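Okay, model_39.cif is below, mmCIF, C-alpha atoms:
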data_final
#
loop_
_atom_site.label_atom_id
_atom_site.label_comp_id
_atom_site.auth_asym_id
_atom_site.auth_seq_id
_atom_site.Cartn_x
_atom_site.Cartn_y
_atom_site.Cartn_z
CA MET A 5 70.56 -108.08 74.53
CA SER A 6 71.46 -106.45 77.87
CA GLY A 7 70.99 -108.54 81.00
CA GLU A 8 71.17 -111.82 79.08
CA ARG A 9 73.00 -114.50 81.03
CA ARG A 10 76.33 -115.42 79.41
CA VAL A 11 77.07 -119.07 78.85
CA PHE A 12 80.72 -120.15 79.10
CA ASP A 13 81.79 -123.32 77.37
CA LYS A 14 84.38 -125.79 78.58
CA GLU A 15 87.23 -124.38 76.48
CA PHE A 16 86.69 -120.83 77.73
CA LYS A 17 86.69 -121.98 81.36
CA LEU A 18 89.77 -124.13 80.90
CA MET A 19 91.75 -121.40 79.16
CA SER A 20 90.69 -118.86 81.78
CA VAL A 21 91.94 -121.09 84.59
CA GLU A 22 95.20 -121.81 82.80
CA LEU A 23 95.74 -118.11 82.15
CA SER A 24 95.06 -117.31 85.78
CA ASN A 25 97.90 -119.64 86.79
CA SER A 26 100.40 -117.20 85.27
CA ARG A 27 98.81 -114.03 86.66
CA THR A 28 98.90 -112.57 90.16
CA ASP A 29 96.08 -110.02 89.92
CA LEU A 30 93.04 -112.24 89.35
CA ALA A 31 90.62 -109.33 89.70
CA ALA A 32 92.30 -107.56 86.80
CA LEU A 33 92.25 -110.78 84.76
CA ALA A 34 88.54 -111.27 85.47
CA LYS A 35 87.89 -107.75 84.25
CA GLU A 36 89.84 -108.47 81.08
CA LEU A 37 87.82 -111.65 80.53
CA ASP A 38 84.60 -109.82 81.37
CA VAL A 39 83.58 -112.35 84.00
CA PRO A 40 82.75 -111.82 87.70
CA PRO A 41 85.88 -112.33 89.85
CA ALA A 42 83.95 -114.73 92.08
CA MET A 43 83.20 -116.92 89.06
CA LEU A 44 86.86 -117.09 88.07
CA TYR A 45 87.82 -118.03 91.62
CA ARG A 46 85.12 -120.73 91.59
CA TRP A 47 86.40 -122.18 88.33
CA ARG A 48 89.90 -122.35 89.79
CA ARG A 49 88.68 -124.13 92.94
CA GLU A 50 86.58 -126.60 90.97
CA PHE A 51 89.36 -127.36 88.51
CA SER A 52 91.84 -127.80 91.37
CA ALA A 53 89.47 -130.14 93.20
CA LYS A 54 88.74 -132.13 90.07
CA GLN A 55 92.09 -133.20 88.71
CA ASN A 56 90.34 -134.81 85.79
CA GLY A 57 89.21 -131.38 84.64
CA SER A 58 85.42 -131.55 85.26
CA PHE A 59 83.29 -128.41 85.38
CA PRO A 60 79.74 -128.29 86.73
CA GLY A 61 77.09 -126.21 84.98
CA ASN A 62 76.16 -126.36 81.30
CA GLY A 63 76.50 -130.11 81.56
CA LYS A 64 79.33 -132.01 83.15
CA VAL A 65 82.37 -132.21 80.91
CA ILE A 66 85.31 -134.54 81.47
CA LEU A 67 88.59 -133.75 79.70
CA SER A 68 90.14 -136.66 77.87
CA GLU A 69 93.80 -137.56 78.35
CA THR A 70 94.56 -135.92 75.00
CA GLU A 71 92.80 -132.71 76.05
CA GLN A 72 94.62 -132.68 79.38
CA GLU A 73 97.97 -133.14 77.61
CA LEU A 74 97.07 -130.35 75.18
CA ALA A 75 96.19 -128.08 78.09
CA ARG A 76 99.50 -128.88 79.76
CA LEU A 77 101.46 -128.10 76.59
CA ARG A 78 99.60 -124.83 76.15
CA LYS A 79 100.53 -123.81 79.67
CA GLU A 80 104.19 -124.71 79.08
CA LEU A 81 104.16 -122.65 75.89
CA ARG A 82 102.69 -119.64 77.69
CA ASP A 83 105.27 -119.99 80.47
CA THR A 84 108.11 -120.13 77.93
CA GLN A 85 106.78 -117.11 76.05
CA LEU A 86 106.42 -115.20 79.32
CA GLU A 87 110.03 -115.99 80.31
CA ARG A 88 111.20 -114.90 76.86
CA ASP A 89 109.31 -111.62 77.13
CA ILE A 90 110.80 -110.94 80.57
CA LEU A 91 114.35 -111.56 79.37
CA LYS A 92 113.80 -109.51 76.23
CA LYS A 93 112.52 -106.60 78.28
CA ALA A 94 115.29 -106.94 80.83
CA ASN A 95 118.22 -107.60 78.43
CA ARG A 96 121.01 -105.87 80.45
CA HIS A 97 119.71 -106.66 83.96
CA PHE A 98 120.36 -110.38 83.88
CA LEU A 99 124.09 -110.14 84.58
CA GLN A 100 124.05 -107.10 86.87
CA GLU A 101 123.76 -106.45 90.56
CA ARG A 102 120.97 -107.95 92.64
CA TRP A 103 119.54 -104.52 93.54
CA GLN A 104 119.27 -103.68 89.84
CA ILE A 105 117.38 -106.89 89.19
CA PHE A 106 115.07 -106.03 92.08
CA GLY A 107 114.63 -102.57 90.57
CA PHE A 108 113.59 -104.13 87.27
CA ILE A 109 111.10 -106.42 89.01
CA LYS A 110 109.65 -103.46 90.92
CA ASP A 111 109.26 -101.38 87.75
CA HIS A 112 107.64 -104.20 85.77
CA ARG A 113 105.47 -105.92 88.38
CA LYS A 114 102.32 -104.59 86.69
CA ILE A 115 103.37 -106.24 83.44
CA PHE A 116 104.83 -109.57 84.58
CA PRO A 117 104.09 -111.77 87.62
CA ILE A 118 106.60 -111.18 90.41
CA GLU A 119 106.93 -114.93 91.02
CA LYS A 120 107.83 -115.55 87.39
CA MET A 121 110.42 -112.72 87.27
CA CYS A 122 112.07 -113.97 90.46
CA MET A 123 112.26 -117.44 88.96
CA VAL A 124 113.75 -116.17 85.68
CA PHE A 125 116.41 -114.09 87.45
CA LYS A 126 117.03 -116.78 90.10
CA VAL A 127 116.43 -114.46 93.04
CA SER A 128 114.45 -115.04 96.21
CA ARG A 129 110.94 -113.63 96.25
CA SER A 130 111.16 -113.02 100.00
CA ARG A 131 114.40 -111.08 99.55
CA PHE A 132 112.75 -108.98 96.85
CA TYR A 133 109.92 -108.05 99.20
CA THR A 134 112.46 -107.30 101.94
CA TRP A 135 114.36 -105.04 99.54
CA LEU A 136 111.11 -103.42 98.46
CA SER A 137 110.21 -102.52 102.03
CA ASN A 138 113.62 -100.92 102.71
CA LYS A 139 114.47 -97.53 101.22
CA LEU A 140 117.67 -97.33 99.16
CA SER A 141 120.29 -94.85 100.28
CA ASP A 142 120.68 -91.63 98.30
CA THR A 143 124.11 -92.80 97.11
CA ALA A 144 122.74 -96.13 95.89
CA ILE A 145 119.96 -94.37 93.99
CA GLU A 146 122.46 -91.94 92.45
CA ASN A 147 124.78 -94.81 91.45
CA GLN A 148 121.88 -96.68 89.88
CA THR A 149 120.93 -93.59 87.88
CA LEU A 150 124.53 -93.13 86.75
CA ILE A 151 124.84 -96.77 85.68
CA ASP A 152 121.66 -96.45 83.62
CA LYS A 153 123.16 -93.45 81.80
CA ILE A 154 126.49 -95.23 81.36
CA ILE A 155 124.77 -98.23 79.82
CA VAL A 156 123.03 -96.03 77.26
CA ILE A 157 126.27 -94.18 76.37
CA HIS A 158 128.24 -97.44 76.14
CA GLY A 159 125.56 -98.96 73.92
CA ASP A 160 125.46 -95.93 71.64
CA SER A 161 129.23 -96.21 71.23
CA LYS A 162 128.81 -99.81 70.00
CA GLN A 163 130.43 -100.98 73.25
CA THR A 164 133.69 -99.21 72.35
CA TYR A 165 133.92 -96.48 75.00
CA GLY A 166 135.94 -96.87 78.17
CA SER A 167 135.61 -94.71 81.27
CA PRO A 168 137.38 -91.57 79.86
CA ARG A 169 135.01 -91.18 76.90
CA VAL A 170 131.95 -92.21 78.92
CA THR A 171 132.88 -89.50 81.46
CA GLN A 172 133.11 -86.91 78.72
CA GLU A 173 129.70 -87.90 77.34
CA LEU A 174 128.25 -87.58 80.85
CA TYR A 175 129.70 -84.06 81.03
CA LYS A 176 127.84 -83.21 77.83
CA LEU A 177 124.64 -84.38 79.51
CA GLY A 178 125.33 -82.05 82.42
CA VAL A 179 126.39 -84.85 84.77
CA LYS A 180 129.51 -83.89 86.71
CA VAL A 181 131.27 -87.06 87.81
CA SER A 182 134.90 -88.10 88.12
CA ARG A 183 136.45 -90.62 85.74
CA PRO A 184 137.56 -92.96 88.61
CA ARG A 185 133.96 -93.13 89.82
CA VAL A 186 132.73 -93.93 86.31
CA ALA A 187 135.41 -96.63 86.07
CA ARG A 188 134.28 -98.16 89.39
CA LEU A 189 130.63 -98.18 88.33
CA MET A 190 131.49 -99.69 84.93
CA LYS A 191 133.49 -102.43 86.64
CA LYS A 192 130.67 -103.07 89.09
CA ALA A 193 128.13 -103.33 86.26
CA LYS A 194 130.54 -105.45 84.16
CA ILE A 195 130.66 -102.87 81.35
CA ARG A 196 133.88 -103.09 79.37
CA SER A 197 135.25 -101.35 76.31
CA ILE A 198 136.52 -103.33 73.35
CA VAL A 199 140.22 -104.10 73.71
CA LYS A 200 142.42 -103.23 70.74
CA ARG A 201 144.66 -105.89 69.28
CA LYS A 202 148.23 -105.35 68.16
CA PHE A 203 148.27 -103.76 64.72
CA ARG A 204 150.39 -105.33 61.98
CA VAL A 205 152.06 -103.16 59.34
CA THR A 206 151.36 -104.31 55.77
CA THR A 207 153.32 -101.81 53.64
CA ASP A 208 154.98 -103.05 50.45
CA SER A 209 157.99 -100.76 50.02
CA GLU A 210 160.08 -103.15 47.92
CA HIS A 211 159.98 -101.23 44.64
CA THR A 212 162.24 -99.11 42.44
CA TYR A 213 160.19 -95.91 42.39
CA PRO A 214 161.81 -92.81 43.93
CA VAL A 215 160.72 -91.81 47.44
CA VAL A 216 160.68 -88.41 49.15
CA ALA A 217 161.88 -87.16 52.53
CA ASN A 218 159.79 -87.05 55.67
CA LYS A 219 158.54 -83.45 55.60
CA LEU A 220 155.86 -84.00 58.24
CA ASN A 221 158.46 -85.19 60.78
CA ARG A 222 155.81 -86.41 63.23
CA GLN A 223 154.23 -82.96 63.59
CA PHE A 224 150.79 -84.45 64.17
CA LYS A 225 149.41 -81.40 65.97
CA VAL A 226 148.00 -79.14 63.25
CA GLU A 227 145.87 -76.06 63.88
CA LYS A 228 144.50 -75.38 60.41
CA ILE A 229 142.32 -77.58 58.24
CA ALA A 230 143.77 -78.77 54.90
CA THR A 231 147.41 -78.12 55.80
CA ALA A 232 148.48 -81.70 56.60
CA TRP A 233 146.90 -84.97 55.46
CA VAL A 234 148.04 -88.51 56.16
CA SER A 235 147.15 -91.65 54.24
CA ASP A 236 147.55 -95.41 54.55
CA ILE A 237 146.13 -98.76 53.35
CA THR A 238 144.96 -101.76 55.36
CA TYR A 239 143.46 -105.21 54.77
CA ILE A 240 139.94 -106.36 55.71
CA LYS A 241 139.12 -110.05 55.59
CA THR A 242 135.81 -111.37 54.18
CA THR A 243 134.66 -114.86 53.22
CA GLN A 244 134.89 -113.75 49.59
CA GLY A 245 138.51 -112.66 49.93
CA TRP A 246 140.42 -109.55 51.00
CA LEU A 247 139.23 -105.98 50.77
CA TYR A 248 141.69 -103.10 50.88
CA LEU A 249 140.76 -99.87 52.64
CA THR A 250 142.62 -96.67 51.78
CA ILE A 251 142.07 -93.54 53.87
CA VAL A 252 143.08 -89.89 53.76
CA LEU A 253 142.85 -88.20 57.16
CA ASP A 254 143.15 -84.50 58.00
CA LEU A 255 145.42 -84.02 61.03
CA ALA A 256 143.65 -80.81 62.09
CA ASP A 257 140.37 -82.45 63.08
CA ARG A 258 141.26 -86.14 62.55
CA ARG A 259 138.40 -86.53 60.09
CA VAL A 260 138.61 -89.20 57.38
CA ILE A 261 138.03 -86.94 54.38
CA GLY A 262 138.74 -89.50 51.68
CA TRP A 263 138.59 -93.28 51.54
CA ALA A 264 138.24 -96.15 49.10
CA LEU A 265 137.48 -99.88 49.33
CA SER A 266 138.84 -102.13 46.61
CA SER A 267 139.50 -105.75 45.73
CA THR A 268 142.94 -104.96 44.33
CA MET A 269 146.01 -103.11 45.58
CA LYS A 270 146.45 -101.14 42.37
CA ALA A 271 146.83 -97.39 42.73
CA ILE A 272 143.88 -96.80 40.37
CA ASP A 273 141.64 -98.63 42.90
CA THR A 274 143.18 -97.46 46.19
CA VAL A 275 145.06 -94.20 46.65
CA ILE A 276 143.74 -92.42 43.54
CA PRO A 277 139.99 -92.61 44.37
CA ALA A 278 140.71 -91.85 48.05
CA TRP A 279 142.68 -88.73 47.04
CA LYS A 280 139.94 -87.59 44.66
CA MET A 281 137.32 -87.95 47.40
CA ALA A 282 139.48 -85.93 49.78
CA LEU A 283 139.73 -83.10 47.25
CA LYS A 284 135.94 -83.09 46.81
CA ASN A 285 135.47 -82.81 50.57
CA ARG A 286 138.17 -80.19 51.20
CA SER A 287 139.71 -77.60 48.92
CA VAL A 288 143.46 -77.07 48.99
CA THR A 289 143.99 -73.29 49.21
CA CYS A 290 147.40 -73.20 50.91
CA GLU A 291 150.45 -75.42 51.20
CA LEU A 292 149.42 -78.96 52.12
CA ILE A 293 151.73 -81.72 53.34
CA PHE A 294 150.52 -85.10 52.08
CA HIS A 295 152.19 -87.80 54.15
CA SER A 296 152.19 -91.56 53.57
CA ASP A 297 154.45 -94.57 53.91
CA ARG A 298 156.76 -95.73 51.12
CA GLY A 299 154.26 -98.17 49.65
CA ILE A 300 154.31 -98.72 45.91
CA GLN A 301 150.84 -97.16 45.52
CA TYR A 302 152.11 -93.81 46.86
CA ALA A 303 155.45 -93.89 45.05
CA CYS A 304 154.24 -94.97 41.59
CA ASN A 305 154.33 -92.53 38.68
CA GLU A 306 150.56 -92.57 38.25
CA PHE A 307 149.88 -91.23 41.73
CA LYS A 308 152.87 -88.86 41.68
CA SER A 309 151.54 -87.28 38.47
CA LEU A 310 148.13 -86.82 40.08
CA LEU A 311 149.61 -85.00 43.09
CA ASP A 312 151.82 -82.88 40.84
CA LYS A 313 148.66 -81.38 39.33
CA SER A 314 148.17 -79.58 42.66
CA PRO A 315 151.17 -77.24 43.01
CA LEU A 316 150.38 -76.53 46.67
CA VAL A 317 150.82 -80.18 47.67
CA ILE A 318 154.12 -81.17 49.29
CA ARG A 319 154.78 -84.91 49.31
CA SER A 320 156.13 -86.54 52.48
CA MET A 321 156.98 -90.18 53.26
CA SER A 322 157.87 -92.13 56.39
CA ARG A 323 161.38 -93.39 56.89
CA LYS A 324 161.90 -97.00 55.87
CA GLY A 325 160.45 -99.45 58.38
CA ASN A 326 159.38 -96.70 60.79
CA CYS A 327 155.67 -97.06 61.48
CA TRP A 328 155.70 -94.22 64.04
CA ASP A 329 156.21 -91.67 61.27
CA ASN A 330 152.63 -92.34 60.18
CA ALA A 331 151.24 -93.10 63.63
CA VAL A 332 147.94 -91.23 63.27
CA ALA A 333 146.83 -93.14 60.18
CA GLU A 334 147.86 -96.45 61.72
CA SER A 335 146.13 -95.52 64.97
CA PHE A 336 142.92 -95.01 63.00
CA PHE A 337 143.24 -98.48 61.48
CA LYS A 338 143.89 -99.99 64.91
CA THR A 339 140.70 -98.35 66.19
CA LEU A 340 138.71 -99.39 63.12
CA LYS A 341 139.84 -103.00 63.44
CA ALA A 342 139.06 -103.20 67.16
CA GLU A 343 135.71 -101.41 67.11
CA CYS A 344 134.35 -102.51 63.75
CA VAL A 345 136.19 -105.19 61.77
CA TYR A 346 136.92 -107.65 64.60
CA GLN A 347 133.33 -107.33 65.85
CA ASN A 348 131.90 -108.69 62.58
CA THR A 349 132.22 -111.71 60.35
CA PHE A 350 131.83 -110.42 56.82
CA ILE A 351 130.01 -112.96 54.66
CA ASN A 352 130.79 -110.99 51.51
CA LYS A 353 132.53 -107.83 50.35
CA HIS A 354 129.30 -105.91 49.91
CA GLN A 355 128.35 -106.41 53.55
CA ALA A 356 131.82 -105.33 54.65
CA ALA A 357 131.60 -102.19 52.53
CA ILE A 358 128.28 -101.18 54.10
CA ILE A 359 129.52 -101.72 57.67
CA VAL A 360 132.79 -99.85 57.06
CA PHE A 361 130.85 -97.01 55.43
CA GLU A 362 128.57 -96.80 58.45
CA TYR A 363 131.52 -96.80 60.86
CA ILE A 364 133.44 -94.03 59.09
CA GLU A 365 130.62 -91.74 57.99
CA THR A 366 128.06 -92.05 60.77
CA TRP A 367 130.22 -92.93 63.77
CA TYR A 368 133.92 -92.03 63.54
CA ASN A 369 133.63 -88.72 61.67
CA ARG A 370 130.50 -87.48 63.41
CA LYS A 371 130.19 -88.92 66.91
CA ARG A 372 133.25 -90.73 68.24
CA LEU A 373 135.13 -88.69 70.85
CA HIS A 374 138.85 -88.27 70.13
CA SER A 375 141.31 -87.84 72.98
CA ALA A 376 143.66 -85.76 70.79
CA LEU A 377 140.78 -83.32 70.17
CA GLY A 378 140.00 -82.78 73.84
CA TYR A 379 137.33 -85.47 73.71
CA MET A 380 135.40 -83.89 70.87
CA SER A 381 134.30 -85.62 67.69
CA PRO A 382 135.94 -84.65 64.37
CA LYS A 383 132.70 -82.95 63.35
CA GLU A 384 132.51 -80.94 66.59
CA PHE A 385 136.17 -79.95 66.33
CA GLU A 386 135.80 -78.88 62.70
CA GLU A 387 132.87 -76.66 63.68
CA LEU A 388 134.96 -75.17 66.51
CA LEU A 389 137.84 -74.40 64.13
CA ASN A 390 135.45 -72.77 61.67
CA MET A 391 133.97 -70.61 64.43
CA GLN A 392 137.44 -69.54 65.54
CA LYS A 393 138.32 -68.71 61.93
CA ILE A 394 135.22 -66.51 61.58
CA ALA A 395 135.90 -64.80 64.91
CA ALA A 396 139.46 -64.03 63.87
#
Structure encoded using structure tokens:
Amino acid sequence: MSGERRVFDKEFKLMSVELSNSRTDLAALAKELDVPPAMLYRWRREFSAKQNGSFPGNGKVILSETEQELARLRKELRDTQLERDILKKANRHFLQERWQIFGFIKDHRKIFPIEKMCMVFKVSRSRFYTWLSNKLSDTAIENQTLIDKIIVIHGDSKQTYGSPRVTQELYKLGVKVSRPRVARLMKKAKIRSIVKRKFRVTTDSEHTYPVVANKLNRQFKVEKIATAWVSDITYIKTTQGWLYLTIVLDLADRRVIGWALSSTMKAIDTVIPAWKMALKNRSVTCELIFHSDRGIQYACNEFKSLLDKSPLVIRSMSRKGNCWDNAVAESFFKTLKAECVYQNTFINKHQAAIIVFEYIETWYNRKRLHSALGYMSPKEFEELLNMQKIAA
């Protein structure tokens, strides 16, 4: 019935006052509660004057000690939830420059109380208002915009990109900026790429199978797809034991065209399925050098017979104890370990398989910029080679 006088009980008044303690715009809160602003202000004054929590009107109500304690706990809970929401929204701002924190507070002052944000970020409210009243220089605004873009690019790269690759991604966005400037801004914003650890060679070449000469001879620069492939095997640790990753990589576009994960080091589980996947992904229509180390999996009769079925394939092996002869494959493993394996603790082999699959198929092959490809991804470079082939 319109015009009927609303009656507010004790609990509604108490909760309204408590809520108002965490808000700065009381007029907006009154509108949300559908009460006259003057009434909300009166409730606040009366509750402040009566520490025992009495409210006049609708009968005088005195809060018991239990009710007062409950009200206090509710307020603490709301304050904690508000702080959590601020930090969740801010995420990256907490450890950055003061002006960036102030920028966050400015942009979110209609969502969160300024006093609460200043408290969470441990900055002075008076300094925030001083900053707010002063206009930032054009350079500071441009740097802030650049840092925001850098943070997005760095996050998309799973925190793996350093300043060279970040600069190249900025170029793709139409942002012309020098690499030294990107490096300075990354350092200022405490944005770092993942550091690669020293890679350990794990080849087992103590066997009696015949080996072949090094036909590749470190000619890692290849212009045509499916003319030179390299392969290698590495170990991945899980709480359920070791996994073994075998890869076949095309030197032309550095794409991993074949790979296999296994729980054994047998050729039937490692190099054979990786080779078969490579053939499904790329046809061999001209002479192809297949290079590997002297490991038993590559030298065994079973794998040799499989390669012999493809008359265009020329086998090539690294010299004994010379890891540089297969540097591209080992470089891939070094990158994989730094950017993927060392960033995770694999609770089982299935989880490891999913994460490695995601890294190779959705990140490395399709998106990750490669310095040897002029800072293009393997997918982009393959498309470029195909276009050049059609044009020719």
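For the atom pair formed by CA of Asn369 in chain A and CA of Lys176 in chain A, the distance is 18.0 Å, given to one decimal.
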What does the PyMOL selection byres ((chain A and resi 22) around 12) select in this file, as a ChimeraX atom specification?
/A:15-21,23-27,30,33,44,47-48,51-52,57,72,74-83
List the residues sitting within 12 Å of (144.4, -109.1, 43.2) in the file's frame, using all atoms listed in the file, as a list of chain:residue names.
A:Gly245, A:Trp246, A:Leu247, A:Tyr248, A:Ser266, A:Ser267, A:Thr268, A:Met269, A:Lys270, A:Ala271, A:Asp273
Non-local contacts of Asn326 in chain A (12 Å; only C-alpha atoms; under 2 positions in same chain excluded) as a VMD selection string:
chain A and resid 205 207 209 218 221 to 222 296 to 298 321 to 324 328 to 331 334
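Taking CA of Val360 in chain A and CA of Thr242 in chain A as endpoints, the distance between them is 12.3 Å.
Taking CA of Leu189 in chain A and CA of Arg102 in chain A as the two end points, the separation is 14.4 Å.
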Would you list the contacts of range 378-393 of chain A as a PyMOL selection string, taking every protein, DNA or RNA residue within 6 Å and counting all atoms listed in the file, but skipping same-chain residues closer than 6 positions in sequence?
chain A and resi 257-259+369-372
Give me the residues within 10 Å of Ile318 in chain A as a tab-separated table (two decimals) with C-alpha atoms, in the frame of the given file, counting only C-alpha atoms and dropping any in the same chain fewer than 6 places off.
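Full text of selection.tsv as output:
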chain	number	residue	atom	x	y	z
A	216	VAL	CA	160.68	-88.41	49.15
A	219	LYS	CA	158.54	-83.45	55.60
A	220	LEU	CA	155.86	-84.00	58.24
A	231	THR	CA	147.41	-78.12	55.80
A	232	ALA	CA	148.48	-81.70	56.60
A	291	GLU	CA	150.45	-75.42	51.20
A	292	LEU	CA	149.42	-78.96	52.12
A	293	ILE	CA	151.73	-81.72	53.34
A	294	PHE	CA	150.52	-85.10	52.08
A	295	HIS	CA	152.19	-87.80	54.15
A	311	LEU	CA	149.61	-85.00	43.09
A	312	ASP	CA	151.82	-82.88	40.84
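In this comparison, which uses only C-alpha atoms, the residue of A:Ile115, A:Ile272, A:Ile261, A:Ile157 approaching Ala32 in chain A most closely is A:Ile115.
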Using all atoms listed in the file, pick whichever of A:Asn305, A:Ser128, A:Ser287, A:Gln104 has the shortest atom-to-atom distance to Val215 in chain A.
A:Asn305
Could you list the residues chosen by the PyMOL selection byres ((chain A and resi 304) around 10) in this structure as a PyMOL selection string?
chain A and resi 211-215+270-271+298-303+305-309
Please identify all polymer residues within 10 Å of Trp367 in chain A, counting all atoms listed in the file, omitting same-chain residues fewer than 6 positions from it, and present them as a PyMOL selection string.
chain A and resi 160-162+360-361+373+381
Quick one: everything within 9 Å of Ala278 in chain A, counting only C-alpha atoms, minus sequence neighbours fewer than 3 positions away in the same chain. Send it as a VMD selection string.
chain A and resid 235 250 to 252 261 to 265 273 to 275 281 to 283
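Ranking A:Gln172, A:Asn348, A:Gln163, A:Ser335 by their shortest atom-to-atom distance to Asp236 in chain A, with all atoms listed in the file included, puts A:Ser335 first.
Distance check against Lys114 in chain A using all atoms listed in the file: of A:Thr28, A:Asn352, A:Ser137, A:Ser320, the minimum falls on A:Thr28.
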From the structure just shown, export range 32-48 of chain A with N, CA and C atoms as a PDB file, in the first residue's frame.
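Once everything was written out, this is out.pdb:
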ATOM      1  N   ALA A  32      24.320   7.195  -1.190  1.00  0.00           N
ATOM      2  CA  ALA A  32      24.137   6.052  -2.094  1.00  0.00           C
ATOM      3  C   ALA A  32      23.689   4.817  -1.318  1.00  0.00           C
ATOM      4  N   LEU A  33      24.266   4.620  -0.129  1.00  0.00           N
ATOM      5  CA  LEU A  33      23.870   3.476   0.698  1.00  0.00           C
ATOM      6  C   LEU A  33      22.409   3.594   1.131  1.00  0.00           C
ATOM      7  N   ALA A  34      22.001   4.804   1.505  1.00  0.00           N
ATOM      8  CA  ALA A  34      20.603   5.003   1.912  1.00  0.00           C
ATOM      9  C   ALA A  34      19.653   4.677   0.767  1.00  0.00           C
ATOM     10  N   LYS A  35      20.051   5.059  -0.429  1.00  0.00           N
ATOM     11  CA  LYS A  35      19.230   4.747  -1.604  1.00  0.00           C
ATOM     12  C   LYS A  35      19.132   3.251  -1.815  1.00  0.00           C
ATOM     13  N   GLU A  36      20.262   2.553  -1.607  1.00  0.00           N
ATOM     14  CA  GLU A  36      20.261   1.103  -1.761  1.00  0.00           C
ATOM     15  C   GLU A  36      19.358   0.447  -0.717  1.00  0.00           C
ATOM     16  N   LEU A  37      19.367   1.011   0.500  1.00  0.00           N
ATOM     17  CA  LEU A  37      18.549   0.454   1.580  1.00  0.00           C
ATOM     18  C   LEU A  37      17.099   0.918   1.518  1.00  0.00           C
ATOM     19  N   ASP A  38      16.854   1.890   0.618  1.00  0.00           N
ATOM     20  CA  ASP A  38      15.512   2.455   0.481  1.00  0.00           C
ATOM     21  C   ASP A  38      15.039   3.107   1.767  1.00  0.00           C
ATOM     22  N   VAL A  39      15.944   3.904   2.363  1.00  0.00           N
ATOM     23  CA  VAL A  39      15.583   4.682   3.547  1.00  0.00           C
ATOM     24  C   VAL A  39      16.012   6.121   3.306  1.00  0.00           C
ATOM     25  N   PRO A  40      15.365   7.096   3.933  1.00  0.00           N
ATOM     26  CA  PRO A  40      15.791   8.494   3.788  1.00  0.00           C
ATOM     27  C   PRO A  40      17.207   8.674   4.331  1.00  0.00           C
ATOM     28  N   PRO A  41      18.081   9.394   3.629  1.00  0.00           N
ATOM     29  CA  PRO A  41      19.448   9.612   4.122  1.00  0.00           C
ATOM     30  C   PRO A  41      19.475  10.200   5.529  1.00  0.00           C
ATOM     31  N   ALA A  42      18.546  11.105   5.808  1.00  0.00           N
ATOM     32  CA  ALA A  42      18.527  11.714   7.145  1.00  0.00           C
ATOM     33  C   ALA A  42      18.294  10.670   8.225  1.00  0.00           C
ATOM     34  N   MET A  43      17.474   9.663   7.910  1.00  0.00           N
ATOM     35  CA  MET A  43      17.195   8.612   8.892  1.00  0.00           C
ATOM     36  C   MET A  43      18.443   7.776   9.162  1.00  0.00           C
ATOM     37  N   LEU A  44      19.193   7.478   8.102  1.00  0.00           N
ATOM     38  CA  LEU A  44      20.417   6.694   8.280  1.00  0.00           C
ATOM     39  C   LEU A  44      21.423   7.475   9.115  1.00  0.00           C
ATOM     40  N   TYR A  45      21.553   8.769   8.836  1.00  0.00           N
ATOM     41  CA  TYR A  45      22.456   9.599   9.629  1.00  0.00           C
ATOM     42  C   TYR A  45      22.018   9.623  11.093  1.00  0.00           C
ATOM     43  N   ARG A  46      20.694   9.681  11.327  1.00  0.00           N
ATOM     44  CA  ARG A  46      20.182   9.721  12.703  1.00  0.00           C
ATOM     45  C   ARG A  46      20.488   8.413  13.435  1.00  0.00           C
ATOM     46  N   TRP A  47      20.322   7.304  12.734  1.00  0.00           N
ATOM     47  CA  TRP A  47      20.635   6.012  13.347  1.00  0.00           C
ATOM     48  C   TRP A  47      22.109   5.947  13.747  1.00  0.00           C
ATOM     49  N   ARG A  48      22.971   6.465  12.875  1.00  0.00           N
ATOM     50  CA  ARG A  48      24.401   6.448  13.171  1.00  0.00           C
ATOM     51  C   ARG A  48      24.724   7.292  14.399  1.00  0.00           C
TER      52      ARG A  48
END
